[in-house]
Amino acid sequence: MSELSEETVLATLRSVKSAEGKPDIVTLGMVSGLTIKRMSNGSHVTFALEIDAQNAAASEPLRLAAQHAVDQLPGVLSVSTVLTAHKTAPTSQSRPTSQASQEGQARSAKISIPGIKYIIAVASGKGGVGKSTTAVNLAVALALNGHKTGLLDADIYGPSIPRLLALQGKPQITNDKKIIPMEHFGIKAMSMGFLIAEETPMIWRGPMVQGALQQMLREVMWGELDVLVIDMPPGTGDAQLTIAQQVPLAGAVIVSTPQDIALIDARKGLNMFKRVDVPVMGIIENMSYFLCPHCGERSDIFSHGGAKEEAGRLKVPFLGEVPLAIAVRETSDLGTPIVSVQPESQFAKTYRAIADQIWQQLKFDQKTRPAPPSIVME
């Protein structure tokens with residue numbers, strides 16, 4: 001079997017016309033973000049179709065036609081295609097003319113995902129603070145505490161959940177093109193890392209990221225879940241705004257290290273959620289201190305207590321502190337979350353205690369919270 005190439009895929013897509021009598025989708029420059037993940041038994045293909053936002057609904061048959069064409073190529077195991085488009089600014093005739101209509105738009109902007117009770121975001125203002133490790137261990141802790149849990153890796157550019165859960169391969173696709181999430185350690189997981197090779201860079205613009213996130217949220221068979229944990233990418237960019245705008249988040253958990261430079265960025269992330277009326281469930285101080293595995297001596301490498309002080313200043317709950325420990329690093333590198341493989345360790349007990357605090361907050365009636373505003377990128 002010859003290796004599938006980008007040229008072969010593009011040549012096939014040139015057979016797909018945008019409309020009768022019109023040029024094909026490649027000639028029109030609609031195809032972007034083409035990636036091919038080559039496996040021993042075939043290839044997984046991912047690409048996006050860039051469209052006019054006003055024609056989004058009418059473009060779905062075009063997406064299916066392009067996906068079907070590539071799916072017929074020899075050696076193709078699966079095809080993942082998304083529509084991407086910028087939102088057009090509303091005209092003066094279509095702008096809301098009253099506060100009531102604006103509130104109605106805000107309420108309709110967030111569409112719940114059937115079967116999922118609560119969705120929470122685990123976020124940080126910057127990378128390198130252990131957010132993904134925290135998200136994985138919290139998800140496993142929630143499952144061990146008796147709650148049906150899912151984990152979505154929303155970091156399109158740097159997905160790490162496959163490695164942290166020791167998951168390889170491609171999720172199965174149903175006959176109606178739904179994705180079946182991978183499962184390990186009692187949780188269901190979805191990540192862009194399942195669809196592309198680990199070393200493949202994602203050179204995608206904002207609208208393509210938004211389309212991929214929507215597909216992983218709404219075209220995955222999550223089933224019945226008590227909690228879906230979203231491992232957010234660091235910062236306050238397109239992915240965060242897409243999720244804050246379109247996903248009914250029950251709350252956000254902020255992860256930070258104790259030093260001032262990390263807290264500055266954590267504060268930005270926290271304030272972003274506050275501005276879009278997503279409740280901040282609390283702050284976790286990760287790498288709070290170093291505990292020597294040999295002598296048991298404690299060292300405050302990154303200072304200590306900064307996140308707790310920040311939580312008090314901002315009047316949000318302080319959820320707990322997780323030490324910088326070799327055991328956490330080793331289990332993460334092996335893809336075996338410490339909560340699962342060392343459930344009686346002090347680290348696992350810390351994560352489970354934090355997970356219990358989060359669940360207790362989630363049990364409060366969500367209906368009493370005001371509807372979040374709609375963010376429109378104009």
# chains A, B, ... in the order shown; residues from 1 in each chain; ligands from 1
$ closest_atom_pairs --of "stretch 223-326 of chain A" --to "stretch 184-202 of chain A" --cutoff "10 Å" --atoms "only C-alpha atoms" --output "CSV"
residue,atom,partner,partner_atom,distance
A:Gly223,CA,A:Lys188,CA,9.4
A:Leu225,CA,A:Lys188,CA,9.2
A:Leu228,CA,A:Lys188,CA,9.0
A:Val229,CA,A:Ala189,CA,9.4
A:Ile230,CA,A:Met190,CA,9.8
A:Asp231,CA,A:Ser191,CA,9.7
$ write_last_selection --atoms "C-alpha atoms" --output "tab-separated table (two decimals), in the first residue's frame"
chain	number	residue	atom	x	y	z
A	223	GLY	CA	-23.12	9.42	27.07
A	225	LEU	CA	-21.84	12.09	32.60
A	228	LEU	CA	-17.10	16.87	32.01
A	229	VAL	CA	-13.71	18.35	32.88
A	230	ILE	CA	-12.24	20.61	30.19
A	231	ASP	CA	-8.47	20.97	30.25
$ residues_around --residues "stretch 161-174 of chain A" --least-positions-apart "3" --cutoff "7 Å" --atoms "only C-alpha atoms" --output "JSON, numbers by chain"
{"A": [153, 177, 178, 179, 180, 181, 182, 184, 191, 193, 194, 195, 332, 333, 334, 335, 336]}
$ write_last_selection --atoms "C-alpha atoms" --output "PDB file, in the first residue's frame"
ATOM      1  CA  ASP A 153      -8.397  18.255  26.056  1.00  0.00           C
ATOM      2  CA  LYS A 177     -20.000  10.004  12.052  1.00  0.00           C
ATOM      3  CA  LYS A 178     -20.042  10.346  15.839  1.00  0.00           C
ATOM      4  CA  ILE A 179     -16.755   9.955  17.716  1.00  0.00           C
ATOM      5  CA  ILE A 180     -16.541   7.357  20.468  1.00  0.00           C
ATOM      6  CA  PRO A 181     -14.251   8.738  23.199  1.00  0.00           C
ATOM      7  CA  MET A 182     -11.310   6.752  24.491  1.00  0.00           C
ATOM      8  CA  HIS A 184      -8.961   4.753  30.725  1.00  0.00           C
ATOM      9  CA  SER A 191      -8.202  15.078  22.517  1.00  0.00           C
ATOM     10  CA  GLY A 193      -3.848  14.361  20.082  1.00  0.00           C
ATOM     11  CA  PHE A 194      -5.835  11.233  19.174  1.00  0.00           C
ATOM     12  CA  LEU A 195      -6.325  12.533  15.629  1.00  0.00           C
ATOM     13  CA  SER A 332       2.439  11.629  34.873  1.00  0.00           C
ATOM     14  CA  ASP A 333       5.306  10.778  32.521  1.00  0.00           C
ATOM     15  CA  LEU A 334       4.222   7.133  32.554  1.00  0.00           C
ATOM     16  CA  GLY A 335       0.605   8.030  31.826  1.00  0.00           C
ATOM     17  CA  THR A 336      -0.569   6.567  35.120  1.00  0.00           C
TER      18      THR A 336
END
$ select_by_dssp --residues "stretch 133-288 of chain A" --states "helix (DSSP H, G or I)" --output "VMD selection string"
chain A and resid 133 to 144 161 to 164 192 to 194 206 to 218 238 to 246 260 to 275
$ closest_atom_pairs --of "stretch 142-161 of chain A" --to "stretch 109-130 of chain A" --cutoff "10 Å" --atoms "only C-alpha atoms" --output "tab-separated table"
residue	atom	partner	partner_atom	distance
A:Lys148	CA	A:Ile116	CA	9.4
A:Thr149	CA	A:Ile116	CA	9.2
A:Gly150	CA	A:Ile116	CA	9.1
A:Leu151	CA	A:Ile119	CA	9.8
A:Leu152	CA	A:Ala121	CA	9.5
A:Ala154	CA	A:Ala121	CA	9.6
$ select_by_dssp --residues "stretch 118-367 of chain A" --states "strand (DSSP E or B)" --output "compact mmCIF listing (two decimals) with N, CA and C atoms, in the first residue's frame"
# COMPACT_ATOMS: atom_id res chain seq x y z
N TYR A 118 -22.85 18.60 34.46
CA TYR A 118 -22.03 19.77 34.77
C TYR A 118 -20.76 19.75 33.90
N ILE A 119 -20.35 20.93 33.49
CA ILE A 119 -19.10 21.10 32.74
C ILE A 119 -18.25 22.11 33.50
N ILE A 120 -17.01 21.73 33.79
CA ILE A 120 -16.11 22.66 34.48
C ILE A 120 -14.83 22.81 33.66
N ALA A 121 -14.22 23.98 33.76
CA ALA A 121 -12.97 24.27 33.06
C ALA A 121 -11.83 24.32 34.08
N VAL A 122 -10.73 23.66 33.76
CA VAL A 122 -9.51 23.77 34.56
C VAL A 122 -8.55 24.63 33.74
N ALA A 123 -8.19 25.80 34.27
CA ALA A 123 -7.49 26.80 33.47
C ALA A 123 -6.31 27.39 34.23
N THR A 149 -17.41 10.57 34.83
CA THR A 149 -16.58 11.71 34.47
C THR A 149 -16.00 11.58 33.07
N GLY A 150 -15.96 12.71 32.37
CA GLY A 150 -15.29 12.80 31.08
C GLY A 150 -14.21 13.86 31.13
N LEU A 151 -13.26 13.80 30.21
CA LEU A 151 -12.15 14.76 30.15
C LEU A 151 -11.94 15.17 28.70
N LEU A 152 -12.06 16.47 28.44
CA LEU A 152 -11.83 17.02 27.10
C LEU A 152 -10.55 17.85 27.11
N ASP A 153 -9.64 17.50 26.23
CA ASP A 153 -8.40 18.26 26.06
C ASP A 153 -8.66 19.36 25.05
N ILE A 173 -15.26 5.64 14.98
CA ILE A 173 -16.30 6.52 14.43
C ILE A 173 -17.53 5.67 14.14
N ILE A 179 -18.02 10.45 17.18
CA ILE A 179 -16.76 9.96 17.72
C ILE A 179 -17.00 9.26 19.05
N MET A 182 -12.17 7.77 23.91
CA MET A 182 -11.31 6.75 24.49
C MET A 182 -11.62 6.65 25.99
N GLU A 183 -11.30 5.52 26.59
CA GLU A 183 -11.57 5.33 28.02
C GLU A 183 -10.35 4.74 28.71
N HIS A 184 -10.05 5.27 29.89
CA HIS A 184 -8.96 4.75 30.73
C HIS A 184 -9.13 5.30 32.13
N ILE A 187 -12.47 7.04 33.20
CA ILE A 187 -12.99 8.28 32.61
C ILE A 187 -13.00 8.17 31.08
N LYS A 188 -13.88 8.94 30.44
CA LYS A 188 -13.92 9.04 28.99
C LYS A 188 -13.10 10.27 28.58
N ALA A 189 -12.31 10.14 27.52
CA ALA A 189 -11.40 11.22 27.15
C ALA A 189 -11.43 11.48 25.65
N MET A 190 -11.28 12.77 25.29
CA MET A 190 -11.18 13.17 23.89
C MET A 190 -10.12 14.24 23.77
N SER A 191 -9.29 14.12 22.73
CA SER A 191 -8.20 15.08 22.52
C SER A 191 -7.86 15.14 21.04
N VAL A 220 -19.10 14.09 19.88
CA VAL A 220 -18.53 12.96 20.63
C VAL A 220 -19.64 12.31 21.44
N LEU A 225 -22.94 11.69 31.74
CA LEU A 225 -21.84 12.09 32.60
C LEU A 225 -22.34 12.98 33.72
N ASP A 226 -21.75 12.80 34.90
CA ASP A 226 -22.01 13.75 35.99
C ASP A 226 -21.19 15.02 35.77
N VAL A 227 -19.94 14.84 35.34
CA VAL A 227 -19.04 15.98 35.15
C VAL A 227 -18.19 15.78 33.90
N LEU A 228 -18.08 16.83 33.09
CA LEU A 228 -17.10 16.87 32.01
C LEU A 228 -16.05 17.91 32.39
N VAL A 229 -14.82 17.47 32.55
CA VAL A 229 -13.71 18.35 32.88
C VAL A 229 -13.04 18.79 31.58
N ILE A 230 -12.92 20.10 31.38
CA ILE A 230 -12.24 20.61 30.19
C ILE A 230 -10.87 21.13 30.58
N ASP A 231 -9.84 20.50 30.05
CA ASP A 231 -8.47 20.97 30.25
C ASP A 231 -8.22 22.09 29.26
N GLY A 251 -18.57 26.18 36.15
CA GLY A 251 -17.56 26.89 36.91
C GLY A 251 -16.18 26.65 36.33
N ALA A 252 -15.22 27.40 36.86
CA ALA A 252 -13.83 27.29 36.42
C ALA A 252 -12.92 27.14 37.63
N VAL A 253 -11.91 26.30 37.49
CA VAL A 253 -10.90 26.09 38.53
C VAL A 253 -9.59 26.65 37.99
N ILE A 254 -8.94 27.50 38.76
CA ILE A 254 -7.70 28.15 38.35
C ILE A 254 -6.52 27.45 39.02
N VAL A 255 -5.51 27.10 38.21
CA VAL A 255 -4.29 26.46 38.72
C VAL A 255 -3.14 27.44 38.61
N SER A 256 -2.39 27.59 39.70
CA SER A 256 -1.24 28.49 39.69
C SER A 256 -0.15 27.93 40.58
N VAL A 280 -16.07 31.27 39.35
CA VAL A 280 -14.75 30.73 39.67
C VAL A 280 -14.90 29.89 40.94
N MET A 281 -14.67 28.60 40.80
CA MET A 281 -14.88 27.67 41.90
C MET A 281 -13.74 27.69 42.90
N GLY A 282 -12.60 28.22 42.49
CA GLY A 282 -11.49 28.33 43.42
C GLY A 282 -10.14 28.24 42.74
N ILE A 283 -9.08 28.38 43.55
CA ILE A 283 -7.71 28.35 43.07
C ILE A 283 -6.98 27.18 43.73
N ILE A 284 -6.18 26.49 42.92
CA ILE A 284 -5.31 25.42 43.42
C ILE A 284 -3.87 25.91 43.33
N GLU A 285 -3.12 25.76 44.41
CA GLU A 285 -1.70 26.09 44.38
C GLU A 285 -0.92 24.82 44.07
N ASN A 286 -0.43 24.72 42.82
CA ASN A 286 0.34 23.55 42.41
C ASN A 286 1.83 23.82 42.64
N MET A 287 2.60 22.75 42.80
CA MET A 287 4.03 22.88 43.13
C MET A 287 4.21 23.79 44.34
N SER A 288 3.34 23.61 45.30
CA SER A 288 3.28 24.49 46.46
C SER A 288 4.56 24.47 47.28
N TYR A 289 5.17 23.29 47.36
CA TYR A 289 6.45 23.13 48.06
C TYR A 289 7.06 21.82 47.59
N PHE A 290 8.34 21.65 47.83
CA PHE A 290 9.03 20.41 47.45
C PHE A 290 9.24 19.56 48.68
N LEU A 291 8.82 18.30 48.57
CA LEU A 291 8.98 17.36 49.65
C LEU A 291 10.02 16.32 49.24
N ARG A 298 11.11 19.62 53.73
CA ARG A 298 10.27 20.46 52.86
C ARG A 298 11.05 21.72 52.47
N SER A 299 10.96 22.07 51.15
CA SER A 299 11.60 23.29 50.65
C SER A 299 10.59 24.07 49.83
N ILE A 301 10.43 25.98 47.09
CA ILE A 301 11.23 26.36 45.92
C ILE A 301 10.62 27.57 45.21
N SER A 303 8.48 29.74 46.51
CA SER A 303 7.77 30.45 47.57
C SER A 303 6.62 29.55 48.02
N PHE A 318 -10.13 28.86 48.25
CA PHE A 318 -8.83 28.23 48.06
C PHE A 318 -9.03 26.73 48.20
N LEU A 319 -8.79 26.00 47.12
CA LEU A 319 -9.16 24.59 47.07
C LEU A 319 -8.10 23.66 47.67
N GLY A 320 -6.86 24.10 47.71
CA GLY A 320 -5.84 23.25 48.30
C GLY A 320 -4.49 23.45 47.64
N GLU A 321 -3.47 22.83 48.22
CA GLU A 321 -2.12 22.93 47.70
C GLU A 321 -1.58 21.53 47.39
N VAL A 322 -0.94 21.42 46.24
CA VAL A 322 -0.35 20.16 45.79
C VAL A 322 1.16 20.35 45.74
N PRO A 323 1.94 19.51 46.43
CA PRO A 323 3.39 19.70 46.45
C PRO A 323 4.05 19.33 45.13
N LEU A 324 5.24 19.86 44.94
CA LEU A 324 6.10 19.45 43.83
C LEU A 324 6.77 18.15 44.27
$ atom_distance --atom1 "atom CA of A:Asp356" --atom2 "atom CA of A:Lys131"
18.1 Å
$ closest_residue --among "A:Ala250, A:Ile243, A:Leu4, A:Ala266" --to "A:Asn41" --atoms "only C-alpha atoms"
A:Leu4
$ residues_around --residues "stretch 6-17 of chain A" --least-positions-apart "3" --cutoff "10 Å" --atoms "only C-alpha atoms" --output "compact mmCIF listing (two decimals) with C-alpha atoms, in the first residue's frame"
# COMPACT_ATOMS: atom_id res chain seq x y z
CA GLU A 3 1.69 6.11 1.55
CA GLU A 20 -23.01 23.61 -9.79
CA GLY A 21 -21.00 25.49 -12.37
CA LYS A 22 -18.61 26.84 -9.73
CA PRO A 23 -14.89 26.04 -9.15
CA ASP A 24 -13.85 23.24 -6.83
CA ILE A 25 -13.17 23.80 -3.13
CA VAL A 26 -9.37 23.58 -3.51
CA THR A 27 -9.25 26.15 -6.29
CA LEU A 28 -11.40 28.46 -4.18
CA VAL A 31 -9.39 23.73 2.20
CA LEU A 34 -4.81 19.47 6.17
CA THR A 35 -3.02 16.94 8.37
CA ILE A 36 -2.41 13.22 7.82
CA VAL A 45 -7.06 12.64 7.70
CA LEU A 62 -20.49 20.38 1.12
CA ARG A 63 -18.58 19.28 4.22
CA ALA A 65 -19.30 15.55 0.31
CA ALA A 66 -15.66 16.50 0.90
CA GLN A 67 -15.40 14.10 3.82
CA HIS A 68 -16.96 11.27 1.80
CA ALA A 69 -14.62 11.85 -1.16
CA VAL A 70 -11.50 11.54 0.98
CA ASP A 71 -12.96 8.61 2.89
CA GLN A 72 -13.04 6.60 -0.37
CA LEU A 73 -9.28 6.86 -0.90
$ residues_around --residues "A:Asn145" --least-positions-apart "4" --cutoff "10 Å" --atoms "only C-alpha atoms" --output "PDB file with N, CA and C atoms, in the first residue's frame"
ATOM      1  N   ALA A 139      -9.994  14.705  37.310  1.00  0.00           N
ATOM      2  CA  ALA A 139     -10.993  13.898  36.607  1.00  0.00           C
ATOM      3  C   ALA A 139     -11.016  12.470  37.156  1.00  0.00           C
ATOM      4  N   VAL A 140      -9.832  11.883  37.347  1.00  0.00           N
ATOM      5  CA  VAL A 140      -9.766  10.532  37.890  1.00  0.00           C
ATOM      6  C   VAL A 140     -10.286  10.512  39.328  1.00  0.00           C
ATOM      7  N   ALA A 141      -9.976  11.569  40.092  1.00  0.00           N
ATOM      8  CA  ALA A 141     -10.458  11.651  41.472  1.00  0.00           C
ATOM      9  C   ALA A 141     -11.980  11.728  41.522  1.00  0.00           C
ATOM     10  N   ARG A 352      -8.258  14.111  45.692  1.00  0.00           N
ATOM     11  CA  ARG A 352      -9.623  13.655  45.963  1.00  0.00           C
ATOM     12  C   ARG A 352     -10.373  14.625  46.867  1.00  0.00           C
ATOM     13  N   ALA A 353      -9.658  15.248  47.794  1.00  0.00           N
ATOM     14  CA  ALA A 353     -10.299  16.248  48.658  1.00  0.00           C
ATOM     15  C   ALA A 353     -10.705  17.469  47.844  1.00  0.00           C
ATOM     16  N   ALA A 355     -11.351  17.439  44.594  1.00  0.00           N
ATOM     17  CA  ALA A 355     -12.460  16.995  43.748  1.00  0.00           C
ATOM     18  C   ALA A 355     -13.768  16.987  44.527  1.00  0.00           C
ATOM     19  N   ASP A 356     -13.716  16.606  45.786  1.00  0.00           N
ATOM     20  CA  ASP A 356     -14.931  16.596  46.604  1.00  0.00           C
ATOM     21  C   ASP A 356     -15.442  18.012  46.834  1.00  0.00           C
ATOM     22  N   TRP A 359     -17.225  19.030  43.690  1.00  0.00           N
ATOM     23  CA  TRP A 359     -18.531  18.389  43.567  1.00  0.00           C
ATOM     24  C   TRP A 359     -19.552  19.033  44.506  1.00  0.00           C
TER      25      TRP A 359
END
$ closest_residue --among "A:Leu213, A:Leu241, A:Val82, A:Val328" --to "A:Glu60" --atoms "only C-alpha atoms"
A:Val82
$ closest_residue --among "A:Ile261, A:Ala327, A:Ala244, A:Ile156" --to "A:Ser345" --atoms "only C-alpha atoms"
A:Ala327
$ closest_residue --among "A:Asn137, A:Ser32, A:Thr84, A:Thr257" --to "A:Val339" --atoms "only C-alpha atoms"
A:Asn137
$ atom_distance --atom1 "atom CA of A:Gly269" --atom2 "atom CA of A:Glu310"
12.9 Å
$ atom_distance --atom1 "atom CA of A:Asp52" --atom2 "atom CA of A:Gly211"
13.4 Å
$ closest_residue --among "A:Ser18, A:Thr242, A:Gln210, A:Ser340" --to "A:Ser59" --atoms "only C-alpha atoms"
A:Ser18
